[in-house]
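Visitor: Sharing a structure with you now.
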Amino acid sequence: MRRKINNKLGRNFQRQRTADKLPKEKRSVLMSKIRSKNTQFENDFIKKLRKVSLKFKTHVNTIKGKPDIVFTKQKVCVFLDSDFWHGWQLPRWRHLLKNDFWTSKIENNRKRDVRTTRHLRRIGWRVIRLWEHQLKINHSESIAVIRRTLSKKL
């Protein structure tokens with residue numbers, strides 16, 4: 001009898017870690033192709049956001065953390081965080097990571113996210129962090145969160 005998987009995207013966190021099926025060189029080539037911006041879930045969400053006629057900039061590198069979406073007039077930054085790279089519920093699946101390098105990398109990403117958010121809020125920006133699974137499951141709720149934040153006065 002199969003055990004029911006109880007999480008948003010149906011991922012099985014109960015399984016055991018296995019050895020990597022790819023040689024180190026091929027894994028390195030594969031991982032080097034993963035980009036930090038213009039990912040599929042980001043592009044899909046940005047298209048949906050443009051359809052609701054909101055004016056914004058993307059990947060503004062003059063702002064610390066290089067937010068994915070920026071509403072400069074209202075001073076609102078939106079970060080679209082990948083579930084894996086930013087460690088959504090990391091304690092549930094940390095045991096599946098192949099080695100300490102990945103654990104360290106994801107934990108450092110999480111610490112950097114906290115520092116960036118704190119810094120931006122301190123200098124007057126409103127920061128929204130949206131997770132990949134939130135955008136995939138219910139993008140309209142994420143758009144509503146952004147609209148509510150934009151409508152609030154500073």
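Naming scheme: A, B, ... for chains in displayed order of the structure tokens; residues 1 onward per chain; ligands 1 onward as shown.
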Write out, as JSON lines, each residue of segment 110-145 of chain A that has an atom at most 9 Å from segment 86-93 of chain A, together with the closest pair of atoms and their distance in Å to one decimal, counting only C-alpha atoms, rows going by chain and rising number.
Guide:
{"residue": "A:Arg110", "atom": "CA", "partner": "A:His86", "partner_atom": "CA", "distance": 5.7}
{"residue": "A:Asp113", "atom": "CA", "partner": "A:His86", "partner_atom": "CA", "distance": 8.1}
{"residue": "A:Trp131", "atom": "CA", "partner": "A:Trp88", "partner_atom": "CA", "distance": 7.7}
Visitor: DSSP on the backbone, then: every residue of segment 43-142 of chain A marked alpha helix (DSSP H), written as a count of residues only.
Guide: 46
Visitor: Skip Leu80 of chain A itself and residues of its chain fewer than 3 positions away, then list as a ChimeraX atom specification all residues within 8 Å of it, counting only C-alpha atoms.
Guide: /A:42,68,129-132
Visitor: Only C-alpha atoms, please: the residues just picked out, written as a compact mmCIF listing (two decimals), in the first residue's frame.
Guide:
# COMPACT_ATOMS: atom_id res chain seq x y z
CA GLU A 42 9.33 33.52 -13.23
CA ASP A 68 12.82 39.96 -9.76
CA ARG A 129 8.78 37.12 -1.17
CA LEU A 130 6.74 34.61 -3.17
CA TRP A 131 7.57 30.91 -3.38
CA GLU A 132 7.63 28.92 -6.61
Visitor: Which one is closest to Thr72 of chain A: A:Leu97, A:Ile106, A:Lys57, A:Trp85? Count only C-alpha atoms.
Guide: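 Answer, going by the shortest atom-to-atom distance: A:Lys57.
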Visitor: Name all residues at most 7 Å from Val70 of chain A (count only C-alpha atoms; drop same-chain ones fewer than 5 positions away) and give them as a list in words.
Guide: Phe56, Lys57, Thr58, Val76, Cys77 and Val78 of chain A
Visitor: For Lys152 of chain A, list every protein, DNA or RNA residue within 10 Å, evaluated using only C-alpha atoms, and leave out those in the same chain fewer than 4 positions away; present the list as a list in words.
Guide: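 Selected residues are Gln74, Arg147 and Arg148 of chain A.
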Visitor: Produce a file of the selected residues containing N, CA and C atoms, as an mmCIF file, in the first residue's frame.
Guide:
data_model
loop_
_atom_site.group_PDB
_atom_site.id
_atom_site.type_symbol
_atom_site.label_atom_id
_atom_site.label_comp_id
_atom_site.auth_asym_id
_atom_site.auth_seq_id
_atom_site.Cartn_x
_atom_site.Cartn_y
_atom_site.Cartn_z
ATOM 1 N N GLN A 74 6.220 53.021 -5.970
ATOM 2 C CA GLN A 74 5.669 52.632 -4.669
ATOM 3 C C GLN A 74 6.729 52.039 -3.733
ATOM 4 N N ARG A 147 -1.024 43.493 -5.309
ATOM 5 C CA ARG A 147 -1.944 44.629 -5.439
ATOM 6 C C ARG A 147 -2.274 45.259 -4.086
ATOM 7 N N ARG A 148 -2.492 44.415 -3.072
ATOM 8 C CA ARG A 148 -2.785 44.956 -1.733
ATOM 9 C C ARG A 148 -1.602 45.765 -1.211
#
Visitor: What's around Lys73 of chain A at 12 Å? Count only C-alpha atoms, leave out sequence neighbours fewer than 5 positions away in its own chain, and write the answer as a ChimeraX atom specification.
Guide: /A:54-57,125-126,150-151,153-154
Visitor: Restricting the output to C-alpha atoms, write the selected residues as a short mmCIF file (atom, residue, chain, number, x, y, z; two decimals), in the first residue's frame.
Guide:
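Once everything was written out, this is out_28.cif:
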data_model
loop_
_atom_site.label_atom_id
_atom_site.label_comp_id
_atom_site.auth_asym_id
_atom_site.auth_seq_id
_atom_site.Cartn_x
_atom_site.Cartn_y
_atom_site.Cartn_z
CA LEU A 54 0.72 46.64 -13.58
CA LYS A 55 3.80 48.67 -14.55
CA PHE A 56 7.06 47.35 -13.16
CA LYS A 57 10.71 46.68 -13.93
CA TRP A 125 11.32 49.39 0.64
CA ARG A 126 8.41 47.03 1.08
CA LEU A 150 0.83 48.50 -3.80
CA SER A 151 -2.44 50.05 -2.64
CA LYS A 153 0.24 54.08 1.64
CA LEU A 154 3.85 54.41 2.74
#
